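Take a look at the structure set out below.
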Amino acid sequence: MERVAIIGASMTQFGQRDAWVRELLAEAGAAALDDAGIDGDDLDHLYVSNMASGEFEGQTGVPNALAHDLAAQPAYTARIDQTSSSGGAGVYAAWQSVASGASDLTMLVGGEKMTHRTTSEATDVIASLTHPVEYKQGVTLPSFAGLTARLYLDEYDAPRESLGKVAVKNHANGVDNPHAQFRKEVDLDTVLESPIVADPLRLYDFCPITDGSAALVFCPESVAEEYVPEDEYAVVSGIGGATDTHVVHERADPTTMGGVADSSDIAYEMAGIGPDDVDVAELHDMFTILEFLQSEDLGFFEKGEGWKAVEEGVTDRDGELPINTSGGLKSKGHPLGASGVAQVYEIYEQVTGNAGPRQVEADTGLACNVGGFGNCVTTAILEGNQ
Amino acid sequence: MSENTQADEPTFEAAEYADGTVTYPPHTVSPNGAERVGTVDLREYEGTILTWTTSTATPPGVREPNTLAIVEFDMDEEYDGPAVRALGQIAEREDGSGETFDVDIGDRVEPVYADELREPGAGIREPESQDWDGFRFRPVE
């Protein structure tokens, strides 16, 4: 199996954008080609991570549209949909295409256009991933977060404030990310006094609705230096994907994300490392509670102790294990199909030493992308050559 | 048994499998892969609130606010499979206030039938693709 390198990356401004999905994808795709110093027609494979362009704007066939816009024909194209983890699933597909030898040069572009819909409509598009018996009760992904947060706080005696501190931390990190939707610090009182969305969670416990796109270029490590200097590429040293139950209430322990544990076990084994070897991580903080659950199920902290790490500053940018240096989905924004790609973009920037004011000391980084409420998960580990 | 149970009312159908496990909703096979052998009517069981939330930002066609709970049913003594649970709305009080019952973790509840939990066709899902009636939960008196 070929070892796979990432040799180029880009992300667009995240936020409320006038551009439609095809234009967002083309913007990120062109920038990543430029970053890797290649043209569209150099690509063997071109993948698009996107959850719902048909449902959001009535545009289907986006991979072919993107290939034409970037003059990438006759590259093989496919759209990767795994709901909120479409980006991570795209990283998996792109890695697989190169690792298997099927492609010598693959680009992945993730993108979503959402903000032209009302919050209620966008929430319903996302909630449509649920089982009919959940959907008819009016469940939303935010309500799963409220249900799980109440159980977590009760079971582990965690203070409500600890969830608020995730939002405060990630907003502080987002200030230094020029691509982030929000570049504004928030204080704990603002979080704790914001309107209730899904009791006990409030507005600032949730990520925003976002337009945006991000892209990555992959090739075999054996030829990476033909494109970029040695210290400018990263290796995907481990990657794993897993699913959990479709019906959320059927999980043995609703405060455990089985897909996170299972996908990271695979990724750690492939990379030959353990959770203690990770220097920086991007987690899927669509809701503040998810950062606790993932940090525990990835093995960074004991079950029920993730909240203490946030309280103690362990996961701050200058802490022992910085989490969400990009600002996370919380402040960077969450354009569904783009998010998993943008998480790997941040880790790539960190392990190649290009993260600017967000830079931390990192040789090894991890990105965990979650679809549904942990229904589908991919975990990717990147190593730099610094 | 729930006071509200009526013979002509739809059942609260869970599936029973050859390995003795019960799931709600029914699946093609049990979590261990065993085939389906029958059904269990969850109207006959009470349960306990595992957790709850009140959602104030609800999708089209859903009541606002929408209080939801995950309920764990008390199955028969001989049952030793995985917990049988359902996610459901909390029922409205019968005093005409339009407000739902107050609930908390550990409260005892029972299912109560509702002929429409959410307005079909208001949301994104094709109205004919699923049913829209079902069961809410109310505190056991």
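The chains in the structure tokens are called A, B, ... from first to last as shown; in each chain the residues are counted from 1, and the ligands are counted from 1 in the order shown.
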Select, as a short mmCIF file (atom, residue, chain, number, x, y, z; two decimals) with C-alpha atoms, in the first residue's frame, those residues of chain A with any atom no more than 8 Å from chain B (distances computed using only C-alpha atoms).
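Generated file (out_1.cif):
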data_model
loop_
_atom_site.label_atom_id
_atom_site.label_comp_id
_atom_site.auth_asym_id
_atom_site.auth_seq_id
_atom_site.Cartn_x
_atom_site.Cartn_y
_atom_site.Cartn_z
CA SER A 120 -35.67 26.17 10.44
CA GLU A 121 -35.38 24.86 6.87
CA THR A 123 -32.20 22.34 10.45
CA ASP A 124 -34.86 20.19 8.75
CA VAL A 125 -32.59 19.29 5.82
CA SER A 128 -33.86 14.37 7.46
CA PRO A 132 -38.73 7.96 10.65
CA VAL A 133 -39.63 7.25 14.29
CA GLU A 134 -37.26 10.03 15.37
CA LYS A 136 -41.88 12.37 13.25
CA GLN A 137 -41.28 13.42 16.85
CA GLY A 138 -39.68 16.61 15.50
CA VAL A 139 -36.18 15.71 16.59
CA THR A 140 -33.27 17.86 15.37
CA PRO A 142 -29.50 20.24 18.31
CA SER A 143 -32.13 18.36 20.36
CA GLY A 146 -29.53 18.84 24.48
CA LEU A 147 -30.59 15.31 25.47
CA THR A 148 -26.98 14.11 25.61
CA ARG A 150 -28.22 16.83 30.20
CA LEU A 151 -27.31 13.15 30.65
CA ILE A 196 -31.99 28.50 25.11
CA VAL A 197 -32.01 26.40 21.95
CA ALA A 198 -32.19 22.85 23.35
CA ASP A 199 -32.23 22.96 27.13
CA PRO A 200 -29.65 22.92 28.81
CA HIS A 249 -31.60 6.13 21.52
CA GLU A 250 -30.55 2.52 20.85
CA ALA A 252 -25.91 1.24 25.02
#
Exercise: region 22-37 of chain A partners within 7 Å, only C-alpha atoms, chain neighbours under 4 positions left out, as a ChimeraX atom specification = /A:7-12,62,65-66,69-70,109-111,212-217,227
Could you write those residues out with C-alpha atoms, as a CSV table (one decimal), in the first residue's frame?
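Output (result-v3.csv):
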chain,number,residue,atom,x,y,z
A,7,ILE,CA,0.8,18.4,-1.1
A,8,GLY,CA,-1.6,21.3,-1.4
A,9,ALA,CA,-4.6,22.7,0.5
A,10,SER,CA,-7.0,25.7,0.5
A,11,MET,CA,-10.1,27.0,2.1
A,12,THR,CA,-12.4,29.8,1.2
A,62,VAL,CA,-21.6,18.8,-8.6
A,65,ALA,CA,-19.7,20.6,-12.8
A,66,LEU,CA,-16.5,21.2,-10.8
A,69,ASP,CA,-14.9,24.5,-14.3
A,70,LEU,CA,-11.4,23.4,-13.5
A,109,VAL,CA,-13.0,19.5,-2.6
A,110,GLY,CA,-15.7,19.8,0.1
A,111,GLY,CA,-18.4,22.5,0.0
A,212,GLY,CA,-17.9,27.6,2.4
A,213,SER,CA,-15.5,25.2,0.7
A,214,ALA,CA,-12.1,23.6,1.4
A,215,ALA,CA,-9.8,21.4,-0.7
A,216,LEU,CA,-6.8,19.1,-0.4
A,217,VAL,CA,-4.5,17.5,-3.0
A,227,TYR,CA,5.7,18.9,-6.3
Please identify all polymer residues within 10 Å of region 276-284 of chain A, counting only C-alpha atoms, omitting same-chain residues fewer than 4 positions from it, and present them as a JSON list (two decimals) with N, CA and C atoms, in the first residue's frame.
[["chain", "number", "residue", "atom", "x", "y", "z"],
["A", 84, "SER", "N", -22.88, 15.08, 7.79],
["A", 84, "SER", "CA", -21.91, 16.06, 8.30],
["A", 84, "SER", "C", -20.47, 15.58, 8.20],
["A", 85, "SER", "N", -20.28, 14.28, 8.04],
["A", 85, "SER", "CA", -18.92, 13.76, 7.92],
["A", 85, "SER", "C", -18.55, 13.49, 6.47],
["A", 207, "CYS", "N", -22.83, 25.54, 16.64],
["A", 207, "CYS", "CA", -22.14, 26.15, 15.51],
["A", 207, "CYS", "C", -23.17, 26.89, 14.65],
["A", 268, "TYR", "N", -5.20, 4.87, 14.77],
["A", 268, "TYR", "CA", -4.01, 4.77, 15.63],
["A", 268, "TYR", "C", -3.16, 3.55, 15.25],
["A", 272, "GLY", "N", 0.54, 3.53, 13.95],
["A", 272, "GLY", "CA", 1.48, 2.98, 14.93],
["A", 272, "GLY", "C", 1.71, 3.91, 16.11],
["A", 288, "THR", "N", -21.10, 22.12, 21.72],
["A", 288, "THR", "CA", -20.01, 22.08, 22.70],
["A", 288, "THR", "C", -19.86, 20.69, 23.34],
["A", 290, "LEU", "N", -20.14, 17.86, 22.14],
["A", 290, "LEU", "CA", -19.43, 16.88, 21.30],
["A", 290, "LEU", "C", -17.91, 16.94, 21.51],
["A", 291, "GLU", "N", -17.39, 18.10, 21.88],
["A", 291, "GLU", "CA", -15.93, 18.17, 22.12],
["A", 291, "GLU", "C", -15.55, 17.32, 23.33],
["A", 292, "PHE", "N", -16.41, 17.32, 24.36],
["A", 292, "PHE", "CA", -16.12, 16.44, 25.52],
["A", 292, "PHE", "C", -16.16, 14.97, 25.10],
["A", 293, "LEU", "N", -17.26, 14.60, 24.43],
["A", 293, "LEU", "CA", -17.44, 13.18, 24.10],
["A", 293, "LEU", "C", -16.30, 12.67, 23.21],
["A", 294, "GLN", "N", -15.95, 13.45, 22.18],
["A", 294, "GLN", "CA", -14.88, 13.00, 21.28],
["A", 294, "GLN", "C", -13.54, 12.94, 21.98],
["A", 295, "SER", "N", -13.24, 13.96, 22.82],
["A", 295, "SER", "CA", -11.92, 13.97, 23.46],
["A", 295, "SER", "C", -11.76, 12.76, 24.38],
["A", 298, "LEU", "N", -11.73, 9.40, 21.88],
["A", 298, "LEU", "CA", -10.46, 9.30, 21.14],
["A", 298, "LEU", "C", -9.34, 8.84, 22.06],
["A", 299, "GLY", "N", -9.62, 8.77, 23.37],
["A", 299, "GLY", "CA", -8.63, 8.29, 24.33],
["A", 299, "GLY", "C", -7.73, 9.38, 24.89],
["A", 300, "PHE", "N", -8.04, 10.66, 24.61],
["A", 300, "PHE", "CA", -7.22, 11.75, 25.16],
["A", 300, "PHE", "C", -7.42, 11.85, 26.68],
["A", 301, "PHE", "N", -8.67, 11.63, 27.09],
["A", 301, "PHE", "CA", -9.01, 11.74, 28.52],
["A", 301, "PHE", "C", -9.91, 10.58, 28.91],
["A", 315, "THR", "N", -6.68, 21.98, 26.89],
["A", 315, "THR", "CA", -6.99, 22.00, 25.46],
["A", 315, "THR", "C", -6.90, 23.41, 24.85],
["A", 317, "ARG", "N", -4.95, 26.75, 23.30],
["A", 317, "ARG", "CA", -3.90, 26.78, 22.27],
["A", 317, "ARG", "C", -2.51, 26.62, 22.89],
["A", 319, "GLY", "N", -2.02, 25.01, 25.70],
["A", 319, "GLY", "CA", -2.09, 23.89, 26.65],
["A", 319, "GLY", "C", -1.34, 22.67, 26.15],
["A", 320, "GLU", "N", -1.44, 21.59, 26.91],
["A", 320, "GLU", "CA", -0.71, 20.35, 26.61],
["A", 320, "GLU", "C", -1.22, 19.70, 25.32],
["A", 321, "LEU", "N", -2.54, 19.77, 25.09],
["A", 321, "LEU", "CA", -3.13, 19.20, 23.87],
["A", 321, "LEU", "C", -4.13, 20.21, 23.28],
["A", 322, "PRO", "N", -3.63, 21.10, 22.42],
["A", 322, "PRO", "CA", -4.54, 22.11, 21.85],
["A", 322, "PRO", "C", -5.63, 21.43, 21.00],
["A", 323, "ILE", "N", -6.89, 21.81, 21.24],
["A", 323, "ILE", "CA", -8.00, 21.25, 20.47],
["A", 323, "ILE", "C", -8.74, 22.41, 19.78],
["A", 324, "ASN", "N", -8.92, 22.25, 18.48],
["A", 324, "ASN", "CA", -9.62, 23.22, 17.65],
["A", 324, "ASN", "C", -8.91, 24.58, 17.60],
["A", 325, "THR", "N", -7.64, 24.53, 17.20],
["A", 325, "THR", "CA", -6.88, 25.77, 17.02],
["A", 325, "THR", "C", -7.47, 26.63, 15.90],
["A", 326, "SER", "N", -8.23, 26.01, 15.01],
["A", 326, "SER", "CA", -8.85, 26.76, 13.90],
["A", 326, "SER", "C", -10.02, 27.61, 14.36],
["A", 327, "GLY", "N", -10.48, 27.35, 15.60],
["A", 327, "GLY", "CA", -11.73, 27.94, 16.07],
["A", 327, "GLY", "C", -12.84, 26.91, 16.07],
["A", 328, "GLY", "N", -12.55, 25.75, 15.45],
["A", 328, "GLY", "CA", -13.55, 24.68, 15.42],
["A", 328, "GLY", "C", -14.76, 25.05, 14.58],
["A", 329, "LEU", "N", -15.70, 24.12, 14.48],
["A", 329, "LEU", "CA", -16.94, 24.42, 13.76],
["A", 329, "LEU", "C", -17.66, 25.57, 14.45],
["A", 330, "LYS", "N", -17.43, 25.67, 15.75],
["A", 330, "LYS", "CA", -18.11, 26.67, 16.58],
["A", 330, "LYS", "C", -17.89, 28.09, 16.09],
["A", 334, "HIS", "N", -19.72, 25.83, 9.91],
["A", 334, "HIS", "CA", -19.91, 24.40, 9.59],
["A", 334, "HIS", "C", -20.67, 24.24, 8.27],
["A", 339, "SER", "N", -16.65, 20.80, 6.13],
["A", 339, "SER", "CA", -16.07, 20.83, 7.48],
["A", 339, "SER", "C", -14.95, 19.82, 7.70],
["A", 340, "GLY", "N", -15.17, 18.58, 7.28],
["A", 340, "GLY", "CA", -14.14, 17.55, 7.49],
["A", 340, "GLY", "C", -12.88, 17.84, 6.69],
["A", 342, "ALA", "N", -11.91, 20.97, 5.91],
["A", 342, "ALA", "CA", -11.28, 22.13, 6.57],
["A", 342, "ALA", "C", -10.58, 21.72, 7.86],
["A", 343, "GLN", "N", -11.09, 20.68, 8.53],
["A", 343, "GLN", "CA", -10.39, 20.19, 9.73],
["A", 343, "GLN", "C", -8.99, 19.68, 9.34],
["A", 344, "VAL", "N", -8.93, 18.91, 8.26],
["A", 344, "VAL", "CA", -7.63, 18.37, 7.82],
["A", 344, "VAL", "C", -6.74, 19.50, 7.29],
["A", 345, "TYR", "N", -7.37, 20.51, 6.65],
["A", 345, "TYR", "CA", -6.62, 21.70, 6.22],
["A", 345, "TYR", "C", -5.88, 22.32, 7.42],
["A", 346, "GLU", "N", -6.58, 22.47, 8.55],
["A", 346, "GLU", "CA", -5.95, 23.08, 9.73],
["A", 346, "GLU", "C", -4.80, 22.21, 10.25],
["A", 347, "ILE", "N", -5.02, 20.89, 10.30],
["A", 347, "ILE", "CA", -3.96, 20.00, 10.78],
["A", 347, "ILE", "C", -2.76, 20.03, 9.82],
["A", 350, "GLN", "N", -0.86, 23.08, 10.51],
["A", 350, "GLN", "CA", -0.13, 22.95, 11.78],
["A", 350, "GLN", "C", 1.12, 22.08, 11.64],
["A", 351, "VAL", "N", 0.99, 20.91, 11.00],
["A", 351, "VAL", "CA", 2.16, 20.00, 10.96],
["A", 351, "VAL", "C", 3.19, 20.40, 9.91],
["A", 360, "VAL", "N", 1.02, 25.91, 16.74],
["A", 360, "VAL", "CA", 1.46, 25.26, 17.97],
["A", 360, "VAL", "C", 2.57, 24.29, 17.60],
["A", 361, "GLU", "N", 3.25, 23.75, 18.60],
["A", 361, "GLU", "CA", 4.32, 22.80, 18.31],
["A", 361, "GLU", "C", 3.68, 21.45, 17.99],
["A", 362, "ALA", "N", 3.77, 21.02, 16.74],
["A", 362, "ALA", "CA", 3.04, 19.81, 16.35],
["A", 362, "ALA", "C", 3.72, 19.07, 15.21],
["A", 363, "ASP", "N", 4.07, 17.80, 15.49],
["A", 363, "ASP", "CA", 4.53, 16.91, 14.43],
["A", 363, "ASP", "C", 3.40, 16.00, 13.97],
["A", 364, "THR", "N", 2.50, 15.70, 14.91],
["A", 364, "THR", "CA", 1.42, 14.76, 14.64],
["A", 364, "THR", "C", 0.09, 15.40, 15.01],
["A", 365, "GLY", "N", -0.85, 15.38, 14.08],
["A", 365, "GLY", "CA", -2.16, 15.97, 14.35],
["A", 365, "GLY", "C", -3.28, 15.02, 13.97],
["A", 366, "LEU", "N", -4.44, 15.23, 14.57],
["A", 366, "LEU", "CA", -5.59, 14.33, 14.34],
["A", 366, "LEU", "C", -6.84, 15.16, 14.04],
["A", 367, "ALA", "N", -7.63, 14.68, 13.09],
["A", 367, "ALA", "CA", -8.91, 15.31, 12.78],
["A", 367, "ALA", "C", -10.01, 14.27, 12.89],
["A", 368, "CYS", "N", -11.06, 14.60, 13.64],
["A", 368, "CYS", "CA", -12.18, 13.67, 13.81],
["A", 368, "CYS", "C", -13.46, 14.34, 13.33],
["A", 369, "ASN", "N", -14.06, 13.77, 12.30],
["A", 369, "ASN", "CA", -15.22, 14.35, 11.63],
["A", 369, "ASN", "C", -16.43, 13.45, 11.90],
["A", 370, "VAL", "N", -17.50, 14.06, 12.38],
["A", 370, "VAL", "CA", -18.66, 13.29, 12.84],
["A", 370, "VAL", "C", -19.89, 13.60, 11.99],
["A", 371, "GLY", "N", -20.57, 12.55, 11.52],
["A", 371, "GLY", "CA", -21.82, 12.72, 10.78],
["A", 371, "GLY", "C", -23.00, 12.33, 11.64],
["A", 374, "GLY", "N", -22.95, 11.28, 15.62],
["A", 374, "GLY", "CA", -21.98, 10.19, 15.82],
["A", 374, "GLY", "C", -22.33, 8.97, 15.00],
["A", 377, "VAL", "N", -18.38, 8.28, 11.38],
["A", 377, "VAL", "CA", -17.21, 9.03, 11.86],
["A", 377, "VAL", "C", -15.97, 8.63, 11.07],
["A", 379, "THR", "N", -11.67, 9.33, 11.33],
["A", 379, "THR", "CA", -10.55, 9.92, 12.07],
["A", 379, "THR", "C", -9.31, 9.81, 11.18],
["A", 380, "ALA", "N", -8.63, 10.93, 11.00],
["A", 380, "ALA", "CA", -7.41, 10.96, 10.17],
["A", 380, "ALA", "C", -6.25, 11.48, 11.00],
["A", 381, "ILE", "N", -5.08, 10.87, 10.82],
["A", 381, "ILE", "CA", -3.87, 11.30, 11.52],
["A", 381, "ILE", "C", -2.85, 11.76, 10.48],
["A", 382, "LEU", "N", -2.31, 12.96, 10.67],
["A", 382, "LEU", "CA", -1.32, 13.51, 9.74],
["A", 382, "LEU", "C", 0.02, 13.68, 10.45],
["A", 383, "GLU", "N", 1.09, 13.41, 9.73],
["A", 383, "GLU", "CA", 2.42, 13.65, 10.28],
["A", 383, "GLU", "C", 3.19, 14.57, 9.35]]
Go through A:Ala261, A:Met270, A:Leu153, A:Val310 and flag the residue nearest Glu296 (chain A), using only C-alpha atoms for the distances.
->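 Among the listed residues, A:Ala261 lies closest to Glu296 (chain A).
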If you run DSSP on the backbone, which residues of region 149-311 of chain A are strand (DSSP E or B), as number ranges by chain?
-> A: 196-198, 201-202, 206, 211-220, 234-243, 280-282, 287
Keeping N, CA and C atoms for every residue in the selection just given, could you write it to a file as a CSV table (one decimal), in the first residue's frame?
chain,number,residue,atom,x,y,z
A,196,ILE,N,-32.0,30.0,25.1
A,196,ILE,CA,-32.0,28.5,25.1
A,196,ILE,C,-32.4,28.0,23.7
A,197,VAL,N,-31.7,27.0,23.2
A,197,VAL,CA,-32.0,26.4,21.9
A,197,VAL,C,-32.5,25.0,22.2
A,198,ALA,N,-31.8,24.2,23.0
A,198,ALA,CA,-32.2,22.9,23.4
A,198,ALA,C,-31.7,22.6,24.8
A,201,LEU,N,-28.7,23.5,26.6
A,201,LEU,CA,-27.8,24.1,25.7
A,201,LEU,C,-28.4,25.4,25.2
A,202,ARG,N,-27.5,26.4,25.0
A,202,ARG,CA,-27.9,27.7,24.5
A,202,ARG,C,-27.3,28.1,23.2
A,206,PHE,N,-23.8,26.2,20.1
A,206,PHE,CA,-24.0,25.6,18.7
A,206,PHE,C,-23.2,26.3,17.7
A,211,ASP,N,-21.8,28.9,4.7
A,211,ASP,CA,-21.4,28.6,3.3
A,211,ASP,C,-19.9,28.6,3.3
A,212,GLY,N,-19.3,27.6,2.5
A,212,GLY,CA,-17.9,27.6,2.4
A,212,GLY,C,-17.4,26.3,1.7
A,213,SER,N,-16.1,26.3,1.4
A,213,SER,CA,-15.5,25.2,0.7
A,213,SER,C,-14.0,25.1,1.1
A,214,ALA,N,-13.5,23.9,1.0
A,214,ALA,CA,-12.1,23.6,1.4
A,214,ALA,C,-11.6,22.5,0.5
A,215,ALA,N,-10.3,22.4,0.2
A,215,ALA,CA,-9.8,21.4,-0.7
A,215,ALA,C,-8.4,20.9,-0.3
A,216,LEU,N,-8.1,19.7,-0.7
A,216,LEU,CA,-6.8,19.1,-0.4
A,216,LEU,C,-6.3,18.3,-1.7
A,217,VAL,N,-5.0,18.3,-1.9
A,217,VAL,CA,-4.5,17.5,-3.0
A,217,VAL,C,-3.6,16.4,-2.5
A,218,PHE,N,-3.8,15.2,-3.0
A,218,PHE,CA,-3.1,14.0,-2.5
A,218,PHE,C,-2.3,13.3,-3.6
A,219,CYS,N,-1.1,12.8,-3.2
A,219,CYS,CA,-0.3,11.9,-4.2
A,219,CYS,C,0.5,10.9,-3.4
A,220,PRO,N,1.1,9.9,-4.0
A,220,PRO,CA,2.0,9.0,-3.3
A,220,PRO,C,3.1,9.8,-2.6
A,234,ALA,N,2.6,16.8,4.1
A,234,ALA,CA,2.3,16.0,5.3
A,234,ALA,C,1.8,14.6,4.8
A,235,VAL,N,2.0,13.6,5.7
A,235,VAL,CA,1.6,12.2,5.3
A,235,VAL,C,0.4,11.8,6.1
A,236,VAL,N,-0.6,11.2,5.4
A,236,VAL,CA,-1.7,10.7,6.1
A,236,VAL,C,-1.3,9.3,6.7
A,237,SER,N,-0.8,9.3,7.9
A,237,SER,CA,-0.2,8.1,8.5
A,237,SER,C,-1.2,7.1,9.0
A,238,GLY,N,-2.4,7.6,9.3
A,238,GLY,CA,-3.5,6.7,9.8
A,238,GLY,C,-4.8,7.3,9.4
A,239,ILE,N,-5.7,6.4,9.1
A,239,ILE,CA,-7.1,6.8,8.8
A,239,ILE,C,-8.1,5.7,9.1
A,240,GLY,N,-9.2,6.0,9.6
A,240,GLY,CA,-10.2,5.0,9.9
A,240,GLY,C,-11.6,5.6,9.8
A,241,GLY,N,-12.5,4.7,9.5
A,241,GLY,CA,-13.9,5.1,9.4
A,241,GLY,C,-14.8,4.1,10.1
A,242,ALA,N,-15.9,4.5,10.7
A,242,ALA,CA,-16.8,3.6,11.4
A,242,ALA,C,-18.2,4.2,11.5
A,243,THR,N,-19.2,3.3,11.7
A,243,THR,CA,-20.5,3.8,11.9
A,243,THR,C,-21.0,3.3,13.3
A,280,VAL,N,-1.9,17.9,18.4
A,280,VAL,CA,-2.9,18.9,18.1
A,280,VAL,C,-4.1,18.2,17.5
A,281,ALA,N,-5.3,18.6,17.8
A,281,ALA,CA,-6.5,17.9,17.2
A,281,ALA,C,-7.6,18.9,16.8
A,282,GLU,N,-8.3,18.5,15.7
A,282,GLU,CA,-9.5,19.3,15.3
A,282,GLU,C,-10.6,18.3,15.6
A,287,PHE,N,-21.6,21.0,18.4
A,287,PHE,CA,-22.2,21.4,19.7
A,287,PHE,C,-21.1,21.2,20.7
Find the residues near Thr28 (chain B): any atom within 12 Å, counting only C-alpha atoms, skip ones fewer than 3 places away on the same chain, and give them as an NGL selection string.
-> :B and (14-18 or 22-25 or 31-38)
Among region 289-319 of chain A, which residues carry a DSSP assignment of helix (DSSP H, G or I), reported as a ChimeraX atom specification?
-> /A:289-297,306-311
Nearest to Ile80 (chain A) among A:Tyr47, A:Gly164, A:Asn64, A:Thr106, with distances taken over only C-alpha atoms: which residue is it?
->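 Under the stated criterion, the closest residue is A:Tyr47.
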